[in-house]
$ cat query.csv   # CSV, N, CA and C atoms
chain,number,residue,atom,x,y,z
V,136,MET,N,192.1,215.6,255.2
V,136,MET,CA,193.5,215.2,255.2
V,136,MET,C,193.7,213.9,254.6
V,137,GLN,N,194.6,213.8,253.6
V,137,GLN,CA,194.9,212.6,252.9
V,137,GLN,C,196.2,212.0,253.4
V,138,LEU,N,196.3,210.8,253.6
V,138,LEU,CA,197.5,210.1,254.0
V,138,LEU,C,198.2,209.7,252.7
V,139,VAL,N,199.5,209.9,252.6
V,139,VAL,CA,200.3,209.5,251.5
V,139,VAL,C,200.9,208.1,251.9
V,140,ARG,N,201.4,207.4,250.9
V,140,ARG,CA,201.9,206.1,251.1
V,140,ARG,C,203.0,206.1,252.2
V,141,ALA,N,203.8,207.0,252.2
V,141,ALA,CA,204.9,207.1,253.2
V,141,ALA,C,204.4,207.2,254.6
V,142,ASP,N,203.3,208.0,254.7
V,142,ASP,CA,202.7,208.1,256.1
V,142,ASP,C,202.1,206.8,256.5
V,143,ILE,N,201.4,206.1,255.6
V,143,ILE,CA,200.8,204.8,255.9
V,143,ILE,C,201.9,203.8,256.3
V,144,GLU,N,203.0,203.7,255.5
V,144,GLU,CA,204.0,202.8,255.8
V,144,GLU,C,204.7,203.1,257.2
V,145,ALA,N,204.9,204.4,257.5
V,145,ALA,CA,205.4,204.8,258.7
V,145,ALA,C,204.5,204.4,259.9
V,146,LEU,N,203.2,204.6,259.7
V,146,LEU,CA,202.2,204.2,260.7
V,146,LEU,C,202.2,202.7,260.9
V,147,ALA,N,202.3,201.9,259.8
V,147,ALA,CA,202.3,200.5,259.9
V,147,ALA,C,203.5,200.0,260.6
V,148,GLY,N,204.6,200.6,260.4
V,148,GLY,CA,205.9,200.2,261.1
V,148,GLY,C,205.8,200.5,262.6
V,149,MET,N,205.2,201.6,262.9
V,149,MET,CA,205.1,201.9,264.4
V,149,MET,C,204.1,200.9,265.0
V,150,VAL,N,203.0,200.6,264.4
V,150,VAL,CA,202.1,199.6,265.0
V,150,VAL,C,202.7,198.3,265.1
V,151,ALA,N,203.4,197.8,264.1
V,151,ALA,CA,204.1,196.5,264.1
V,151,ALA,C,205.1,196.5,265.2
V,152,LYS,N,205.9,197.6,265.4
V,152,LYS,CA,206.9,197.6,266.5
V,152,LYS,C,206.2,197.5,267.9
V,153,GLU,N,205.1,198.1,268.0
V,153,GLU,CA,204.4,198.1,269.3
V,153,GLU,C,203.8,196.7,269.6
V,154,LEU,N,203.3,196.1,268.6
V,154,LEU,CA,202.6,194.8,268.7
V,154,LEU,C,203.5,193.6,268.8
V,155,ALA,N,204.7,193.7,268.2
V,155,ALA,CA,205.6,192.6,268.1
V,155,ALA,C,205.8,191.9,269.5
V,156,PRO,N,206.1,192.5,270.6
V,156,PRO,CA,206.3,191.8,271.8
V,156,PRO,C,205.1,191.1,272.3
V,157,LEU,N,203.9,191.6,272.0
V,157,LEU,CA,202.7,190.9,272.4
V,157,LEU,C,202.4,189.7,271.6
V,158,LEU,N,202.9,189.6,270.3
V,158,LEU,CA,202.6,188.5,269.5
V,158,LEU,C,203.6,187.4,269.6
V,159,GLN,N,204.8,187.7,270.1
V,159,GLN,CA,205.8,186.7,270.3
V,159,GLN,C,205.8,186.1,271.7
V,160,LYS,N,205.8,184.8,271.7
V,160,LYS,CA,205.8,184.2,273.0
V,160,LYS,C,207.2,183.4,273.2
V,161,LYS,N,207.8,183.5,274.3
V,161,LYS,CA,209.0,182.8,274.6
V,161,LYS,C,208.8,181.3,274.5
V,162,ARG,N,209.8,180.6,274.0
V,162,ARG,CA,209.7,179.1,273.9
V,162,ARG,C,209.9,178.5,275.3
V,163,TRP,N,210.9,179.0,276.0
V,163,TRP,CA,211.3,178.4,277.3
V,163,TRP,C,210.8,179.3,278.4
V,164,LEU,N,210.1,178.7,279.4
V,164,LEU,CA,209.5,179.4,280.5
V,164,LEU,C,210.2,179.0,281.8
V,165,SER,N,210.3,180.0,282.7
V,165,SER,CA,210.9,179.6,284.0
V,165,SER,C,209.8,178.8,284.8
V,166,LEU,N,210.2,178.2,285.9
V,166,LEU,CA,209.3,177.4,286.7
V,166,LEU,C,208.1,178.3,287.1
V,167,ARG,N,208.3,179.5,287.6
V,167,ARG,CA,207.2,180.3,288.0
V,167,ARG,C,206.3,180.7,286.9
V,168,GLU,N,206.9,181.1,285.7
V,168,GLU,CA,206.1,181.5,284.5
V,168,GLU,C,205.2,180.3,284.1
V,169,ALA,N,205.8,179.1,284.0
V,169,ALA,CA,205.1,177.9,283.5
V,169,ALA,C,203.9,177.6,284.5
V,170,ALA,N,204.2,177.7,285.8
V,170,ALA,CA,203.2,177.4,286.8
V,170,ALA,C,202.0,178.4,286.7
V,171,ALA,N,202.4,179.6,286.6
V,171,ALA,CA,201.3,180.7,286.5
V,171,ALA,C,200.5,180.6,285.2
V,172,GLU,N,201.2,180.4,284.1
V,172,GLU,CA,200.5,180.4,282.8
V,172,GLU,C,199.7,179.2,282.6
V,173,TYR,N,200.1,178.0,283.0
V,173,TYR,CA,199.4,176.8,282.7
V,173,TYR,C,198.7,176.2,284.0
V,174,HIS,N,198.7,177.0,285.1
V,174,HIS,CA,197.9,176.6,286.3
V,174,HIS,C,198.3,175.2,286.7
V,175,ILE,N,199.6,175.0,286.8
V,175,ILE,CA,200.1,173.7,287.3
V,175,ILE,C,201.1,174.0,288.4
V,176,GLY,N,201.0,173.3,289.5
V,176,GLY,CA,201.9,173.5,290.6
V,176,GLY,C,203.4,173.3,290.3
V,177,GLU,N,204.2,174.0,291.0
V,177,GLU,CA,205.7,173.9,290.7
V,177,GLU,C,206.2,172.5,290.9
V,178,HIS,N,205.8,171.9,292.0
V,178,HIS,CA,206.3,170.5,292.3
V,178,HIS,C,205.8,169.5,291.2
V,179,ARG,N,204.6,169.7,290.8
V,179,ARG,CA,204.0,168.8,289.7
V,179,ARG,C,204.7,169.0,288.4
V,180,LEU,N,205.1,170.3,288.1
V,180,LEU,CA,205.9,170.5,286.9
V,180,LEU,C,207.2,169.8,286.9
V,181,ILE,N,207.9,169.9,288.0
V,181,ILE,CA,209.2,169.3,288.1
V,181,ILE,C,209.1,167.8,288.0
V,182,ALA,N,208.1,167.2,288.7
V,182,ALA,CA,207.8,165.8,288.7
V,182,ALA,C,207.5,165.3,287.3
V,183,ALA,N,206.7,166.1,286.5
V,183,ALA,CA,206.3,165.7,285.2
V,183,ALA,C,207.5,165.8,284.2
V,184,ALA,N,208.4,166.7,284.5
V,184,ALA,CA,209.6,166.8,283.7
V,184,ALA,C,210.6,165.7,284.0
V,185,LYS,N,210.7,165.3,285.2
V,185,LYS,CA,211.6,164.2,285.6
V,185,LYS,C,211.2,162.8,285.0
V,186,ILE,N,209.8,162.6,284.8
V,186,ILE,CA,209.4,161.4,284.2
V,186,ILE,C,209.2,161.5,282.7
V,187,GLY,N,209.4,162.6,282.1
V,187,GLY,CA,209.3,162.8,280.7
V,187,GLY,C,208.0,163.2,280.1
V,188,LYS,N,207.0,163.5,280.9
V,188,LYS,CA,205.7,163.9,280.4
V,188,LYS,C,205.8,165.3,279.7
V,189,ILE,N,206.7,166.2,280.2
V,189,ILE,CA,206.9,167.5,279.6
V,189,ILE,C,208.4,167.7,279.4
V,190,LYS,N,208.8,168.6,278.5
V,190,LYS,CA,210.2,168.9,278.4
V,190,LYS,C,210.6,170.0,279.4
V,191,GLY,N,211.5,169.7,280.3
V,191,GLY,CA,211.9,170.6,281.2
V,191,GLY,C,213.2,170.1,281.9
V,192,PHE,N,214.0,171.0,282.3
V,192,PHE,CA,215.3,170.6,282.9
V,192,PHE,C,215.9,171.8,283.7
V,193,GLN,N,216.9,171.5,284.5
V,193,GLN,CA,217.6,172.5,285.2
V,193,GLN,C,218.6,173.2,284.3
V,194,ASP,N,218.5,174.5,284.2
V,194,ASP,CA,219.3,175.2,283.3
V,194,ASP,C,220.7,175.3,283.9
V,195,LYS,N,221.7,174.7,283.2
V,195,LYS,CA,223.0,174.7,283.7
V,195,LYS,C,223.7,176.1,283.5
V,196,ASP,N,223.1,177.0,282.8
V,196,ASP,CA,223.7,178.3,282.6
V,196,ASP,C,223.4,179.3,283.7
V,197,THR,N,222.5,178.9,284.6
V,197,THR,CA,222.2,179.8,285.8
V,197,THR,C,222.9,179.2,287.0
V,198,LYS,N,223.3,180.1,287.9
V,198,LYS,CA,224.0,179.7,289.1
V,198,LYS,C,223.2,178.8,290.0
V,199,ARG,N,221.9,179.0,290.1
V,199,ARG,CA,221.0,178.3,290.9
V,199,ARG,C,220.4,177.0,290.2
V,200,LYS,N,220.8,176.8,289.0
V,200,LYS,CA,220.2,175.7,288.2
V,200,LYS,C,218.7,175.7,288.2
V,201,ASP,N,218.2,176.9,287.8
V,201,ASP,CA,216.7,177.1,287.8
V,201,ASP,C,216.1,176.2,286.7
V,202,TRP,N,214.9,175.7,287.0
V,202,TRP,CA,214.2,174.8,286.1
V,202,TRP,C,213.6,175.7,284.9
V,203,ILE,N,213.6,175.2,283.7
V,203,ILE,CA,212.9,175.9,282.6
V,203,ILE,C,212.1,174.8,281.8
V,204,PHE,N,211.1,175.2,281.2
V,204,PHE,CA,210.1,174.3,280.6
V,204,PHE,C,209.8,174.8,279.1
V,205,ASP,N,209.6,173.8,278.3
V,205,ASP,CA,209.3,174.1,276.9
V,205,ASP,C,207.8,174.4,276.7
V,206,ARG,N,207.4,175.5,276.2
V,206,ARG,CA,206.0,175.9,276.0
V,206,ARG,C,205.2,174.9,275.2
V,207,GLU,N,205.8,174.4,274.1
V,207,GLU,CA,205.0,173.5,273.3
V,207,GLU,C,204.7,172.2,274.0
V,208,SER,N,205.6,171.7,274.8
V,208,SER,CA,205.3,170.4,275.5
V,208,SER,C,204.3,170.7,276.6
V,209,LEU,N,204.3,171.9,277.2
V,209,LEU,CA,203.2,172.2,278.2
V,209,LEU,C,201.9,172.3,277.5
V,210,GLU,N,201.8,172.9,276.3
V,210,GLU,CA,200.6,172.9,275.5
V,210,GLU,C,200.1,171.5,275.2
V,211,ASP,N,201.0,170.6,274.8
V,211,ASP,CA,200.6,169.2,274.5
V,211,ASP,C,200.1,168.5,275.7
V,212,TYR,N,200.8,168.8,276.8
V,212,TYR,CA,200.4,168.1,278.1
V,212,TYR,C,199.0,168.6,278.5
V,213,ARG,N,198.7,169.9,278.4
V,213,ARG,CA,197.4,170.4,278.8
V,213,ARG,C,196.3,169.8,277.8
V,214,ASN,N,196.7,169.8,276.5
V,214,ASN,CA,195.7,169.3,275.6
V,214,ASN,C,195.4,167.8,275.8
V,215,SER,N,196.4,167.1,276.2
V,215,SER,CA,196.1,165.6,276.5
V,215,SER,C,195.2,165.4,277.6
V,216,GLN,N,195.0,166.4,278.5
V,216,GLN,CA,194.1,166.3,279.6
V,216,GLN,C,192.7,166.6,279.3
V,217,VAL,N,192.4,167.1,278.1
V,217,VAL,CA,191.0,167.4,277.7
V,217,VAL,C,190.3,166.1,277.5
V,218,PRO,N,189.1,165.9,278.2
V,218,PRO,CA,188.4,164.7,278.0
V,218,PRO,C,187.8,164.6,276.6
V,219,VAL,N,187.7,163.4,276.1
V,219,VAL,CA,187.1,163.1,274.8
V,219,VAL,C,185.6,162.9,275.0
V,220,ILE,N,184.8,163.7,274.3
V,220,ILE,CA,183.4,163.7,274.4
V,220,ILE,C,182.8,162.8,273.3
V,221,ILE,N,182.1,161.7,273.8
V,221,ILE,CA,181.5,160.8,272.8
V,221,ILE,C,180.0,161.0,272.8
V,222,THR,N,179.5,161.1,271.6
V,222,THR,CA,178.0,161.3,271.5
V,222,THR,C,177.3,160.0,271.7
V,223,HIS,N,176.0,160.1,272.0
V,223,HIS,CA,175.2,158.9,272.1
V,223,HIS,C,175.2,158.0,270.9
V,224,ARG,N,175.2,158.7,269.7
V,224,ARG,CA,175.3,158.0,268.4
V,224,ARG,C,176.6,157.2,268.3
V,225,GLN,N,177.7,157.9,268.6
V,225,GLN,CA,179.0,157.3,268.5
V,225,GLN,C,179.1,156.1,269.4
V,226,LYS,N,178.5,156.2,270.6
V,226,LYS,CA,178.6,155.1,271.6
V,226,LYS,C,177.7,153.9,271.1
V,227,ALA,N,176.5,154.2,270.6
V,227,ALA,CA,175.7,153.1,270.1
V,227,ALA,C,176.4,152.4,268.9
V,228,LEU,N,177.0,153.1,268.0
V,228,LEU,CA,177.7,152.5,266.8
V,228,LEU,C,178.8,151.7,267.3
V,229,ALA,N,179.5,152.1,268.3
V,229,ALA,CA,180.7,151.4,268.8
V,229,ALA,C,180.2,150.1,269.5
V,230,ILE,N,179.1,150.1,270.2
V,230,ILE,CA,178.6,148.9,270.8
V,230,ILE,C,178.1,147.9,269.8
V,231,LEU,N,177.4,148.4,268.8
V,231,LEU,CA,176.9,147.6,267.7
V,231,LEU,C,178.1,146.9,266.9
V,232,SER,N,179.2,147.6,266.8
V,232,SER,CA,180.3,147.1,266.0
V,232,SER,C,181.2,146.3,266.9
V,233,GLY,N,181.0,146.2,268.1
V,233,GLY,CA,181.8,145.4,269.0
V,233,GLY,C,183.0,146.1,269.5
V,234,GLU,N,183.1,147.4,269.3
V,234,GLU,CA,184.3,148.1,269.8
V,234,GLU,C,184.2,148.4,271.3
V,235,ARG,N,185.3,148.5,271.9
V,235,ARG,CA,185.3,148.9,273.3
V,235,ARG,C,185.6,150.4,273.5
V,236,ILE,N,184.8,151.0,274.3
V,236,ILE,CA,185.0,152.4,274.5
V,236,ILE,C,185.7,152.7,275.8

$ encode --input "query.csv" --output "structure tokens"
Amino acid sequence: MQLVRADIEALAGMVAKELAPLLQKKRWLSLREAAAEYHIGEHRLIAAAKIGKIKGFQDKDTKRKDWIFDRESLEDYRNSQVPVIITHRQKALAILSGERI
């Protein structure tokens, strides 16, 4: 059985339609979604938003003023917590050049 171009295009369209929701991530997350996805406690998320470490605010469009958080700022916050690994060579060169580590 040979597939004709129309069959291939139809199949590609069906696959794209099924995969689209999986590939798209929402920019704004609810408090529960952000806490679950980034493994950060809800109180800590709110505190970090209040001091400006992450972008988050109470959504005035909801009756309960639910907190929402920006996915990109959560990614940046998590990435900033990754420790910098310095090799022995880098440390020795820094000491010899008088840099402070």

$ atom_distance --input "query.csv" --atom1 "atom C of Lys188 in chain V" --atom2 "CA of Asn214 in chain V"
11.6 Å

$ residues_around --input "query.csv" --residues "range 197-202 of chain V" --least-positions-apart "6" --cutoff "8 Å" --atoms "only C-alpha atoms" --output "list in words"
Ser165, Leu166, Ile181 and Gly191 of chain V

$ closest_residue --input "query.csv" --among "V:Gly176, V:Ala155, V:Leu209, V:Arg224" --to "Lys190 in chain V" --atoms "all atoms listed in the file"
V:Leu209

$ select_by_dssp --input "query.csv" --residues "chain V" --states "strand (DSSP E)" --output "JSON, numbers by chain"
{"V": [163, 164, 165, 191, 192, 193, 202, 203, 204, 205]}

$ atom_distance --input "query.csv" --atom1 "CA of Glu168 in chain V" --atom2 "CA of Glu207 in chain V"
13.8 Å

$ select_by_dssp --input "query.csv" --residues "chain V" --states "alpha helix (DSSP H)" --output "ChimeraX atom specification"
/V:140-158,166-173,177-185,206-215,223-232

$ residues_around --input "query.csv" --residues "Arg235 in chain V" --least-positions-apart "4" --cutoff "10 Å" --atoms "only C-alpha atoms" --output "VMD selection string"
chain V and resid 226 229 to 230

$ closest_residue --input "query.csv" --among "V:Leu146, V:Leu228, V:Ala183, V:Ile221" --to "Ser208 in chain V" --atoms "only C-alpha atoms"
V:Ala183

$ atom_distance --input "query.csv" --atom1 "CA of Lys195 in chain V" --atom2 "CA of Glu172 in chain V"
23.2 Å

$ residues_around --input "query.csv" --residues "Lys161 in chain V" --least-positions-apart "2" --cutoff "8 Å" --atoms "only N, CA and C atoms" --output "list of chain:residue names"
V:Leu158, V:Gln159, V:Trp163, V:Leu164, V:Asp205, V:Arg206, V:Glu207
